[in-house]
Structures are given as C-alpha cells and as structure tokens.
file query26.pdb (PDB, C-alpha atoms)
ATOM      1  CA  MET A   1       9.394  13.970  -8.286
ATOM      2  CA  SER A   2      12.452  13.507 -10.449
ATOM      3  CA  LEU A   3      14.827  10.660  -9.703
ATOM      4  CA  PRO A   4      17.996   9.749 -11.611
ATOM      5  CA  PRO A   5      18.127   6.313 -13.240
ATOM      6  CA  ASP A   6      19.005   3.277 -11.153
ATOM      7  CA  GLY A   7      22.652   2.396 -10.834
ATOM      8  CA  ASP A   8      24.058   5.803 -10.032
ATOM      9  CA  LYS A   9      24.269   6.017  -6.270
ATOM     10  CA  GLN A  10      26.059   9.362  -6.221
ATOM     11  CA  ALA A  11      23.325  10.867  -8.396
ATOM     12  CA  LEU A  12      20.673   9.456  -6.027
ATOM     13  CA  VAL A  13      22.508  11.054  -3.081
ATOM     14  CA  ARG A  14      22.571  14.405  -4.910
ATOM     15  CA  ALA A  15      18.870  14.116  -5.808
ATOM     16  CA  LEU A  16      17.906  13.526  -2.164
ATOM     17  CA  GLU A  17      20.009  16.423  -0.921
ATOM     18  CA  GLN A  18      18.805  18.798  -3.618
ATOM     19  CA  ARG A  19      15.175  17.899  -2.895
ATOM     20  CA  ILE A  20      15.286  18.491   0.855
ATOM     21  CA  LEU A  21      17.267  21.714   0.502
ATOM     22  CA  THR A  22      15.689  23.427  -2.475
ATOM     23  CA  GLY A  23      12.344  21.744  -3.099
ATOM     24  CA  ARG A  24       8.967  22.814  -1.767
ATOM     25  CA  GLY A  25       8.725  22.655   2.014
ATOM     26  CA  MET A  26       7.177  24.208   5.083
ATOM     27  CA  ALA A  27      10.441  25.315   6.674
ATOM     28  CA  LEU A  28      12.227  28.171   4.922
ATOM     29  CA  PRO A  29      15.021  26.999   2.598
ATOM     30  CA  GLU A  30      17.482  29.188   4.539
ATOM     31  CA  LEU A  31      16.618  27.354   7.745
ATOM     32  CA  ARG A  32      16.810  23.956   6.041
ATOM     33  CA  ALA A  33      20.300  24.887   4.826
ATOM     34  CA  LYS A  34      21.365  25.840   8.343
ATOM     35  CA  ALA A  35      19.961  22.560   9.683
ATOM     36  CA  PHE A  36      21.868  20.677   6.966
ATOM     37  CA  GLU A  37      25.097  22.502   7.871
ATOM     38  CA  ASP A  38      24.383  22.321  11.639
ATOM     39  CA  THR A  39      25.410  25.927  11.998
ATOM     40  CA  ASP A  40      23.978  29.291  13.028
ATOM     41  CA  LEU A  41      20.702  27.856  14.333
ATOM     42  CA  PRO A  42      18.572  29.601  16.958
ATOM     43  CA  ASP A  43      17.832  27.845  20.236
ATOM     44  CA  PRO A  44      16.042  25.573  20.965
ATOM     45  CA  LEU A  45      16.453  24.278  17.392
ATOM     46  CA  ALA A  46      20.225  24.263  17.826
ATOM     47  CA  THR A  47      19.984  21.845  20.754
ATOM     48  CA  LEU A  48      17.671  19.432  18.934
ATOM     49  CA  LEU A  49      19.391  19.503  15.557
ATOM     50  CA  ASP A  50      22.944  19.347  16.870
ATOM     51  CA  LYS A  51      21.942  16.214  18.776
ATOM     52  CA  VAL A  52      20.441  14.760  15.579
ATOM     53  CA  ALA A  53      23.717  15.392  13.768
ATOM     54  CA  LYS A  54      26.225  14.415  16.456
ATOM     55  CA  ARG A  55      24.570  12.165  19.071
ATOM     56  CA  SER A  56      21.091  11.232  17.934
ATOM     57  CA  PHE A  57      20.654   8.633  20.684
ATOM     58  CA  GLN A  58      20.431  11.526  23.167
ATOM     59  CA  VAL A  59      17.409  13.223  21.534
ATOM     60  CA  THR A  60      14.505  13.449  24.001
ATOM     61  CA  ASP A  61      10.786  14.224  23.959
ATOM     62  CA  GLY A  62      11.732  17.475  25.701
ATOM     63  CA  ASP A  63      13.919  18.567  22.769
ATOM     64  CA  PHE A  64      10.907  18.333  20.439
ATOM     65  CA  ALA A  65       8.574  19.908  23.012
ATOM     66  CA  ALA A  66      10.904  22.901  23.346
ATOM     67  CA  ALA A  67      11.011  23.395  19.571
ATOM     68  CA  VAL A  68       7.197  23.185  19.326
ATOM     69  CA  ALA A  69       6.867  25.656  22.226
ATOM     70  CA  ALA A  70       9.151  28.023  20.289
ATOM     71  CA  GLY A  71       6.602  28.054  17.454
ATOM     72  CA  PHE A  72       7.823  25.428  15.003
ATOM     73  CA  THR A  73       5.192  23.105  13.551
ATOM     74  CA  GLU A  74       5.613  19.348  13.460
ATOM     75  CA  ASP A  75       5.920  19.460   9.660
ATOM     76  CA  GLN A  76       8.713  22.016   9.900
ATOM     77  CA  LEU A  77      10.500  19.860  12.483
ATOM     78  CA  PHE A  78      10.030  16.793  10.269
ATOM     79  CA  GLU A  79      11.872  18.613   7.490
ATOM     80  CA  LEU A  80      14.571  20.153   9.679
ATOM     81  CA  VAL A  81      15.423  16.882  11.447
ATOM     82  CA  ILE A  82      15.781  15.195   8.047
ATOM     83  CA  CYS A  83      18.037  18.028   6.855
ATOM     84  CA  ALA A  84      20.226  17.712   9.958
ATOM     85  CA  ALA A  85      20.516  13.923   9.585
ATOM     86  CA  VAL A  86      21.296  14.087   5.874
ATOM     87  CA  GLY A  87      23.736  16.990   6.285
ATOM     88  CA  GLU A  88      25.959  15.217   8.798
ATOM     89  CA  SER A  89      25.813  11.984   6.787
ATOM     90  CA  SER A  90      26.760  13.932   3.674
ATOM     91  CA  ARG A  91      29.870  15.332   5.351
ATOM     92  CA  LEU A  92      30.915  11.827   6.404
ATOM     93  CA  TYR A  93      30.276  10.517   2.883
ATOM     94  CA  GLN A  94      32.304  13.299   1.286
ATOM     95  CA  ALA A  95      35.167  12.655   3.728
ATOM     96  CA  GLY A  96      35.085   8.964   2.813
ATOM     97  CA  MET A  97      34.998   9.628  -0.928
ATOM     98  CA  ALA A  98      37.872  12.124  -0.639
ATOM     99  CA  ALA A  99      39.991   9.572   1.251
ATOM    100  CA  LEU A 100      39.183   6.974  -1.412
ATOM    101  CA  ALA A 101      40.202   9.357  -4.204
ATOM    102  CA  GLU A 102      43.490  10.095  -2.438
ATOM    103  CA  ALA A 103      44.182   6.422  -1.729
ATOM    104  CA  SER A 104      43.500   5.251  -5.260
ATOM    105  CA  GLY A 105      44.497   8.314  -7.249
TER     106      GLY A 105
ATOM    107  CA  MET B 106       7.100   8.218  17.380
ATOM    108  CA  ARG B 107       7.854  11.665  18.804
ATOM    109  CA  LEU B 108       5.999  13.608  16.101
ATOM    110  CA  GLY B 109       2.237  13.068  16.065
ATOM    111  CA  ILE B 110       2.167  13.487  12.282
ATOM    112  CA  LEU B 111       4.294  10.323  11.970
ATOM    113  CA  ASN B 112       1.801   8.386  14.077
ATOM    114  CA  ASP B 113      -1.477   9.496  12.524
ATOM    115  CA  GLY B 114      -0.822  12.092   9.826
ATOM    116  CA  TYR B 115      -1.502   9.763   6.895
ATOM    117  CA  GLY B 116      -4.211   9.881   4.240
ATOM    118  CA  PHE B 117      -7.040   7.370   3.948
ATOM    119  CA  GLY B 118      -5.272   5.207   1.357
ATOM    120  CA  THR B 119      -2.091   4.909   3.415
ATOM    121  CA  LYS B 120      -4.040   4.115   6.585
ATOM    122  CA  LEU B 121      -5.892   1.393   4.681
ATOM    123  CA  LEU B 122      -2.571  -0.005   3.450
ATOM    124  CA  PHE B 123      -1.198  -0.055   7.013
ATOM    125  CA  SER B 124      -4.331  -1.933   8.146
ATOM    126  CA  LEU B 125      -3.905  -4.517   5.397
ATOM    127  CA  ILE B 126      -0.230  -5.008   6.259
ATOM    128  CA  ARG B 127      -1.162  -5.557   9.917
ATOM    129  CA  LEU B 128      -3.923  -7.960   8.922
ATOM    130  CA  PHE B 129      -1.813 -10.134   6.633
ATOM    131  CA  SER B 130       1.565  -9.997   8.405
ATOM    132  CA  ARG B 131       0.079 -10.035  11.916
ATOM    133  CA  GLN B 132       2.770  -7.509  12.770
ATOM    134  CA  GLN B 133       2.713  -3.777  13.241
ATOM    135  CA  VAL B 134       4.014  -1.669  10.337
ATOM    136  CA  PRO B 135       7.641  -0.876  11.274
ATOM    137  CA  ASP B 136       8.259   2.801  12.007
ATOM    138  CA  ALA B 137      10.997   2.796   9.344
ATOM    139  CA  ALA B 138       8.332   2.028   6.748
ATOM    140  CA  ARG B 139       5.826   4.494   8.222
ATOM    141  CA  LEU B 140       8.392   7.299   7.936
ATOM    142  CA  THR B 141       8.784   6.762   4.194
ATOM    143  CA  PHE B 142       5.002   7.052   3.713
ATOM    144  CA  TYR B 143       4.780  10.501   5.327
ATOM    145  CA  ARG B 144       5.025  13.222   2.645
ATOM    146  CA  PRO B 145       7.033  10.815   0.447
ATOM    147  CA  ASP B 146       7.840  13.543  -2.045
ATOM    148  CA  PHE B 147      10.001  15.271   0.569
ATOM    149  CA  TYR B 148      12.119  12.318   1.736
ATOM    150  CA  GLY B 149      10.590   8.837   1.506
ATOM    151  CA  SER B 150      10.640   8.288  -2.241
ATOM    152  CA  TYR B 151      14.205   9.551  -2.591
ATOM    153  CA  SER B 152      15.364   7.564   0.416
ATOM    154  CA  LYS B 153      13.781   4.342  -0.796
ATOM    155  CA  ALA B 154      15.357   4.636  -4.258
ATOM    156  CA  LEU B 155      18.829   5.268  -2.819
ATOM    157  CA  THR B 156      18.549   2.608  -0.117
ATOM    158  CA  HIS B 157      17.353  -0.006  -2.584
ATOM    159  CA  GLU B 158      20.198   0.791  -4.968
ATOM    160  CA  ALA B 159      22.812   0.628  -2.182
ATOM    161  CA  MET B 160      21.437  -2.530  -0.579
ATOM    162  CA  ARG B 161      20.062  -4.498  -3.526
ATOM    163  CA  GLY B 162      21.532  -2.947  -6.671
ATOM    164  CA  PRO B 163      24.526  -4.388  -8.557
ATOM    165  CA  SER B 164      27.598  -4.638  -6.300
ATOM    166  CA  GLY B 165      30.587  -6.835  -5.567
ATOM    167  CA  TRP B 166      29.221  -7.206  -2.025
ATOM    168  CA  PRO B 167      26.701  -9.998  -1.374
ATOM    169  CA  VAL B 168      23.406  -8.895   0.207
ATOM    170  CA  ALA B 169      24.272 -10.581   3.527
ATOM    171  CA  GLU B 170      27.503  -8.572   3.800
ATOM    172  CA  ARG B 171      25.724  -5.324   2.909
ATOM    173  CA  GLU B 172      23.164  -6.021   5.632
ATOM    174  CA  LEU B 173      25.999  -6.685   8.092
ATOM    175  CA  MET B 174      27.504  -3.287   7.165
ATOM    176  CA  ALA B 175      24.099  -1.709   7.878
ATOM    177  CA  ALA B 176      23.928  -3.434  11.261
ATOM    178  CA  TYR B 177      27.520  -2.474  12.075
ATOM    179  CA  VAL B 178      27.066   1.227  11.270
ATOM    180  CA  SER B 179      23.854   1.130  13.336
ATOM    181  CA  LYS B 180      25.793  -0.337  16.252
ATOM    182  CA  VAL B 181      28.377   2.456  16.086
ATOM    183  CA  ASN B 182      25.541   5.014  16.015
ATOM    184  CA  ASP B 183      23.813   3.312  18.959
ATOM    185  CA  CYS B 184      20.526   2.871  17.087
ATOM    186  CA  PRO B 185      18.484   0.051  18.702
ATOM    187  CA  PHE B 186      15.793  -0.148  15.987
ATOM    188  CA  CYS B 187      18.277  -0.451  13.113
ATOM    189  CA  ILE B 188      20.558  -2.848  14.993
ATOM    190  CA  GLY B 189      17.565  -5.162  15.521
ATOM    191  CA  ALA B 190      16.282  -4.857  11.972
ATOM    192  CA  HIS B 191      19.595  -5.390  10.189
ATOM    193  CA  THR B 192      20.985  -8.012  12.565
ATOM    194  CA  ALA B 193      17.876 -10.048  11.743
ATOM    195  CA  THR B 194      18.183  -9.373   7.994
ATOM    196  CA  ALA B 195      21.932 -10.069   7.830
ATOM    197  CA  SER B 196      21.503 -13.277   9.854
ATOM    198  CA  LEU B 197      18.679 -14.508   7.637
ATOM    199  CA  ALA B 198      20.546 -13.617   4.430
ATOM    200  CA  ALA B 199      23.750 -15.302   5.609
ATOM    201  CA  ARG B 200      21.896 -18.174   7.325
ATOM    202  CA  ASN B 201      24.390 -17.544  10.100
ATOM    203  CA  GLU B 202      23.319 -15.592  13.152
ATOM    204  CA  VAL B 203      26.470 -16.487  15.096
ATOM    205  CA  THR B 204      28.889 -14.668  12.801
ATOM    206  CA  VAL B 205      26.692 -11.579  12.573
ATOM    207  CA  THR B 206      26.329 -11.388  16.342
ATOM    208  CA  ALA B 207      30.083 -11.942  16.793
ATOM    209  CA  ALA B 208      30.964  -9.164  14.340
ATOM    210  CA  LEU B 209      28.751  -6.712  16.206
ATOM    211  CA  ALA B 210      30.038  -7.790  19.634
ATOM    212  CA  ASP B 211      33.762  -7.723  18.815
ATOM    213  CA  LEU B 212      34.805  -7.088  15.226
ATOM    214  CA  GLU B 213      38.488  -7.822  15.830
ATOM    215  CA  SER B 214      37.862 -11.427  16.895
ATOM    216  CA  ALA B 215      34.918 -12.133  14.578
ATOM    217  CA  PRO B 216      35.285 -14.870  11.943
ATOM    218  CA  VAL B 217      34.714 -12.700   8.857
ATOM    219  CA  GLY B 218      36.870 -12.494   5.741
ATOM    220  CA  GLU B 219      39.801 -10.094   5.537
ATOM    221  CA  GLY B 220      38.186  -7.733   3.017
ATOM    222  CA  LEU B 221      34.882  -7.453   4.881
ATOM    223  CA  HIS B 222      36.712  -7.072   8.176
ATOM    224  CA  ALA B 223      38.828  -4.183   6.854
ATOM    225  CA  THR B 224      35.751  -2.552   5.320
ATOM    226  CA  LEU B 225      33.712  -2.739   8.534
ATOM    227  CA  ARG B 226      36.636  -1.251  10.437
ATOM    228  CA  MET B 227      36.822   1.619   7.910
ATOM    229  CA  LEU B 228      33.074   2.304   8.173
ATOM    230  CA  GLY B 229      33.370   2.274  11.964
ATOM    231  CA  THR B 230      36.216   4.793  11.915
ATOM    232  CA  LEU B 231      34.361   7.131   9.567
ATOM    233  CA  THR B 232      31.088   6.934  11.501
ATOM    234  CA  ARG B 233      32.651   7.220  14.963
ATOM    235  CA  ASP B 234      35.433   9.740  14.302
ATOM    236  CA  GLY B 235      33.892  11.743  11.455
ATOM    237  CA  HIS B 236      36.939  11.481   9.220
ATOM    238  CA  LEU B 237      38.930   8.952   7.253
ATOM    239  CA  SER B 238      42.539   9.030   6.057
ATOM    240  CA  ALA B 239      43.923   7.737   2.775
ATOM    241  CA  GLU B 240      45.845   5.181   4.873
ATOM    242  CA  ASP B 241      42.548   3.922   6.313
ATOM    243  CA  VAL B 242      41.264   3.322   2.781
ATOM    244  CA  ARG B 243      44.550   1.839   1.543
ATOM    245  CA  ALA B 244      44.278  -0.799   4.276
ATOM    246  CA  VAL B 245      40.947  -1.840   2.757
ATOM    247  CA  LEU B 246      42.275  -1.883  -0.814
ATOM    248  CA  ASP B 247      45.299  -3.889   0.359
ATOM    249  CA  ALA B 248      42.904  -6.460   1.833
ATOM    250  CA  GLY B 249      41.683  -7.190  -1.701
ATOM    251  CA  VAL B 250      38.626  -4.933  -1.800
ATOM    252  CA  SER B 251      38.115  -3.109  -5.114
ATOM    253  CA  ARG B 252      37.754   0.658  -5.452
ATOM    254  CA  GLN B 253      34.138   0.164  -6.542
ATOM    255  CA  GLN B 254      33.420  -1.966  -3.491
ATOM    256  CA  VAL B 255      34.779   0.782  -1.228
ATOM    257  CA  GLU B 256      32.518   3.269  -2.999
ATOM    258  CA  ASP B 257      29.553   0.915  -2.569
ATOM    259  CA  ALA B 258      30.318   0.487   1.136
ATOM    260  CA  LEU B 259      30.503   4.263   1.616
ATOM    261  CA  ALA B 260      27.052   4.608   0.037
ATOM    262  CA  ILE B 261      25.667   2.039   2.505
ATOM    263  CA  CYS B 262      27.351   4.000   5.298
ATOM    264  CA  TYR B 263      25.660   7.204   4.082
ATOM    265  CA  VAL B 264      22.230   5.589   3.965
ATOM    266  CA  PHE B 265      22.486   4.189   7.475
ATOM    267  CA  ASN B 266      24.025   7.282   8.976
ATOM    268  CA  VAL B 267      20.885   9.076   7.787
ATOM    269  CA  THR B 268      18.477   6.327   8.838
ATOM    270  CA  ASN B 269      20.042   5.790  12.281
ATOM    271  CA  ARG B 270      19.770   9.495  13.072
ATOM    272  CA  LEU B 271      16.134   9.623  11.993
ATOM    273  CA  ALA B 272      15.276   6.427  13.900
ATOM    274  CA  ASN B 273      16.824   7.769  17.103
ATOM    275  CA  ALA B 274      15.510  11.312  16.730
ATOM    276  CA  PHE B 275      11.924  10.403  15.767
ATOM    277  CA  GLY B 276      11.910   7.569  18.306
ATOM    278  CA  PHE B 277      11.254   4.447  16.223
ATOM    279  CA  GLU B 278       9.665   1.767  18.401
ATOM    280  CA  VAL B 279      11.898  -1.276  18.803
ATOM    281  CA  MET B 280       9.934  -4.345  17.703
ATOM    282  CA  ASN B 281       9.895  -7.795  19.259
ATOM    283  CA  PRO B 282      12.002 -10.597  17.676
ATOM    284  CA  GLU B 283       9.026 -11.850  15.654
ATOM    285  CA  GLY B 284       8.506  -8.364  14.243
ATOM    286  CA  PHE B 285      12.142  -8.004  13.219
ATOM    287  CA  GLN B 286      12.092 -11.495  11.709
ATOM    288  CA  ALA B 287       9.010 -10.665   9.634
ATOM    289  CA  GLY B 288      10.682  -7.423   8.522
ATOM    290  CA  ALA B 289      13.847  -9.294   7.548
ATOM    291  CA  LYS B 290      11.886 -11.721   5.361
ATOM    292  CA  TYR B 291      10.161  -8.801   3.650
ATOM    293  CA  LEU B 292      13.439  -6.925   3.026
ATOM    294  CA  LEU B 293      15.056 -10.013   1.505
ATOM    295  CA  ARG B 294      12.025 -10.761  -0.667
ATOM    296  CA  ARG B 295      11.130  -7.245  -1.793
ATOM    297  CA  GLY B 296      14.056  -4.953  -0.974
ATOM    298  CA  TYR B 297      13.626  -1.339   0.042
ATOM    299  CA  ARG B 298      11.406   0.085  -2.685
TER     300      ARG B 298
END
call {"tool": "encode", "arguments": {"input": "query26.pdb", "output": "structure tokens"}}
result
Amino acid sequence: MSLPPDGDKQALVRALEQRILTGRGMALPELRAKAFEDTDLPDPLATLLDKVAKRSFQVTDGDFAAAVAAGFTEDQLFELVICAAVGESSRLYQAGMAALAEASG
Amino acid sequence: MRLGILNDGYGFGTKLLFSLIRLFSRQQVPDAARLTFYRPDFYGSYSKALTHEAMRGPSGWPVAERELMAAYVSKVNDCPFCIGAHTATASLAARNEVTVTAALADLESAPVGEGLHATLRMLGTLTRDGHLSAEDVRAVLDAGVSRQQVEDALAICYVFNVTNRLANAFGFEVMNPEGFQAGAKYLLRRGYR
C-alpha cells in the first residue's frame, strides 16, 4: 500500500480512487471503471449500483441477491459497490472544487 | 450487513481484535469499523487515512463543527447509521446536543454562526442537487469563510458522501444510544485511524 503524506487531502482522494480503479481486485478493472462512472453496466448490476450512486437508502437485500444470482461473487460486489459510491462522491467533489475555483479565481 | 463476507469474512487476528473490543467496551464493533477491516488494502486503509486527515488534521474548522458537517451531509443522504454516529460525536465535541439537533432539524432557524451556517447550506446543495454554482460558494466566502476552509469542508463532504452510500448499501446496523455514545468517545479520543 502506498499512501501520500498526511496533510494533502486531494492527494489522499486521488490515492483512494487510483487504488480501487487500477489496483489488484477480483472484479475486472473495466467493470470497476463502469461502476465508478455509473454507466454502461449490465443488469442487474445497473439497478444495484445506480441506487448506490443516486439513492443509496433504497438499496435492498433483493438488489444484492439478484447480482449474486447473476454470477457475481460477494468480493466482486464489495469492490463494485465501493467504486460506485466513490465515483458519485468524486463527481460531487469535483463540482464543488470547480465552483470554488471559479468563485475565488 | 448484506454481504456475508462483511459479517464473518475476517481472519483470526481480526476476529480476536473484535472480541477484545466487545469485551472491553461492552459494545458491539460498529459496522463502520468492521468495513475498514475487510480487505483493508482495497479500501479501508485509504479511507481511514483520508477520513482522519479531513476530520482531525489541521483545519480552520474545529472538530465539533467538522462532526456537525458529517452529520448534516448524512442527514441529506438519509443515512441512519451515520446520522446517529456523528450527531453523537458532534454533540459530545461541542458539549451541546441542542444546537446539533436543531441544525439537523431545521438549518435555517438553528443557532449556528454565519460562516458555519453558509457552509452547511452549501454542502447540502451539493449533496442534494449534485452541483454547485460559483454564487453558492461566493455566499460562503462572503460569510467570512476562507478558501481553505471551503476546500476542507468539501473534503469532509466527499468522505461522508462515500461513507453514507456504503453504510446504506451494505446495511450498517443502527446502534442503540449507548453504542453511539461509546463510538463518539472513541472517535474524539483516537480519531479515524
């Protein structure tokens, strides 16, 4: 594991995102990228991961059961749910930082 | 939790640690902590480092106000576990449960300072609507908040947007008040590492 030094929050954000997208995992990197972007996902993953990104309070046991029934392992779902959560949060963060740059630039 | 691996997929050493925590704290290990112990090289170690830096690292925001931001973002995301955890932590840090509860119930009428009020409103807009305008940020800067403080608040918002989604999706079990209180004491004593 390689973490940037304390004090640089943006570098810590980048390290987390780089790790979940490009580091070793059980879900294919291409699928992790799609989960992160919340785009072009096959069902029933699309249903589960879009809920994670947009309305996580609506995720149900059935959403996970459908993804397992489609052949995904729990470890793959662990990774893909994290990618979906981080991806949406990253877009919000970038939107906030862009607005800050415009407001103070 | 909804994935069996997050309930019992831990190695012997981690299971022993969980047992010791239960023994000494007389509380269950919060699901937020359990998550960071599962394959920590994928998410947990990175998440803990970032969360600790955002919540306990150097900042113009006092810890109590950062914890209130965490609770407020969690409220907007409708995340019961994180609302409970960070309402308890913010209240303990501020020694003022009334103000924290008021801010979560109705921000506009809550007795919080102008800068914090404007910042919470900005974080709510970003989290709820998915975008933020330069005017939204200027309102915060005009309230006396520095550029660095806005950046720090956005990092807190990032951390809790991630955590809220994972708590809701994985199905973190909401603890009783004693459990949240014990967690709050731990987070104020030790932070998020």
call {"tool": "resolve_selection", "arguments": {"input": "query26.pdb", "expression": "the PyMOL selection byres ((chain A and resi 82-86) around 9)", "output": "ChimeraX atom specification"}}
result
/A:16-17,20-21,32-38,49-50,52-54,56,77-81,87-91 /B:148,263-264,266-271
call {"tool": "atom_distance", "arguments": {"input": "query26.pdb", "atom1": "CA of Phe285 (chain B)", "atom2": "CA of Ala190 (chain B)"}}
result
5.3 Å
call {"tool": "closest_atom_pairs", "arguments": {"input": "query26.pdb", "of": "chain B", "to": "chain A", "cutoff": "6 Å", "atoms": "all atoms listed in the file", "output": "tab-separated table"}}
result
residue	atom	partner	partner_atom	distance
B:Tyr151	CA	A:Leu16	CA	5.4
B:Leu155	CA	A:Leu12	CA	5.6
B:Gly235	CA	A:Leu92	CA	5.9
B:His236	CA	A:Ala95	CA	5.9
B:Leu237	CA	A:Gly96	CA	5.9
B:Ser238	CA	A:Ala99	CA	5.5
B:Ala239	CA	A:Ala99	CA	4.6
B:Val242	CA	A:Leu100	CA	5.9
B:Arg243	CA	A:Ala103	CA	5.6
B:Tyr263	CA	A:Ser89	CA	5.5
B:Asn266	CA	A:Ser89	CA	5.5
B:Val267	CA	A:Ala85	CA	5.2
B:Arg270	CA	A:Ser56	CA	5.3
B:Asn273	CA	A:Phe57	CA	5.3
B:Ala274	CA	A:Val59	CA	5.5
call {"tool": "residues_around", "arguments": {"input": "query26.pdb", "residues": "His222 (chain B)", "least_positions_apart": "5", "cutoff": "8 Å", "atoms": "all atoms listed in the file", "output": "list in words"}}
result
Leu212, Glu213 and Val217 of chain B
call {"tool": "atom_distance", "arguments": {"input": "query26.pdb", "atom1": "CA of Ser179 (chain B)", "atom2": "CA of Thr232 (chain B)"}}
result
9.5 Å
call {"tool": "resolve_selection", "arguments": {"input": "query26.pdb", "expression": "the PyMOL selection byres ((chain B and resi 250-261) around 7)", "output": "PyMOL selection string"}}
result
(chain A and resi 93+96) or (chain B and resi 159-160+164-166+175+220+245-246+248-249+262-265)
call {"tool": "closest_residue", "arguments": {"input": "query26.pdb", "among": "B:Ile126, B:Ala176, B:Leu140, B:Ala154", "to": "Asn112 (chain B)", "atoms": "only C-alpha atoms"}}
result
B:Leu140
call {"tool": "atom_distance", "arguments": {"input": "query26.pdb", "atom1": "CA of Glu283 (chain B)", "atom2": "CA of Val203 (chain B)"}}
result
18.1 Å
call {"tool": "residues_around", "arguments": {"input": "query26.pdb", "residues": "Lys153 (chain B)", "least_positions_apart": "5", "cutoff": "8 Å", "atoms": "all atoms listed in the file", "output": "PyMOL selection string"}}
result
chain B and resi 141+297-298
call {"tool": "residues_around", "arguments": {"input": "query26.pdb", "residues": "Ala67 (chain A)", "least_positions_apart": "3", "cutoff": "6 Å", "atoms": "only C-alpha atoms", "output": "list in words"}}
result
Pro44, Leu45, Phe64, Ala70 and Phe72 of chain A
call {"tool": "axis_aligned_box", "arguments": {"input": "query26.pdb", "around": "region 2-20 of chain A", "padding_each_side": "4 Å", "output": "JSON"}}
result
{"center_x": 19.3, "center_y": 10.6, "center_z": -6.2, "size_x": 21.6, "size_y": 24.4, "size_z": 22.1}
call {"tool": "residues_around", "arguments": {"input": "query26.pdb", "residues": "Ala289 (chain B)", "least_positions_apart": "2", "cutoff": "9 Å", "atoms": "only C-alpha atoms", "output": "list in words"}}
result
Ala190, His191, Thr192, Ala193, Thr194, Ala195, Ser196, Leu197, Ala198, Gly284, Phe285, Gln286, Ala287, Tyr291, Leu292, Leu293 and Arg294 of chain B
call {"tool": "closest_residue", "arguments": {"input": "query26.pdb", "among": "B:Asp136, B:Glu278, B:Asp247, B:Asp113", "to": "Glu219 (chain B)", "atoms": "all atoms listed in the file"}}
result
B:Asp247
call {"tool": "closest_residue", "arguments": {"input": "query26.pdb", "among": "B:Leu231, B:Leu209, B:Ala272, B:Leu221", "to": "Lys180 (chain B)", "atoms": "all atoms listed in the file"}}
result
B:Leu209
call {"tool": "closest_residue", "arguments": {"input": "query26.pdb", "among": "B:Leu108, B:Leu122, B:Leu173, B:Ala244", "to": "Gly189 (chain B)", "atoms": "all atoms listed in the file"}}
result
B:Leu173
call {"tool": "closest_residue", "arguments": {"input": "query26.pdb", "among": "B:Gly288, B:Gly218, B:Gly229, B:Pro185", "to": "Glu170 (chain B)", "atoms": "only C-alpha atoms"}}
result
B:Gly218
call {"tool": "closest_residue", "arguments": {"input": "query26.pdb", "among": "B:Phe123, B:Tyr177, B:Phe142, B:Phe147", "to": "Thr230 (chain B)", "atoms": "all atoms listed in the file"}}
result
B:Tyr177
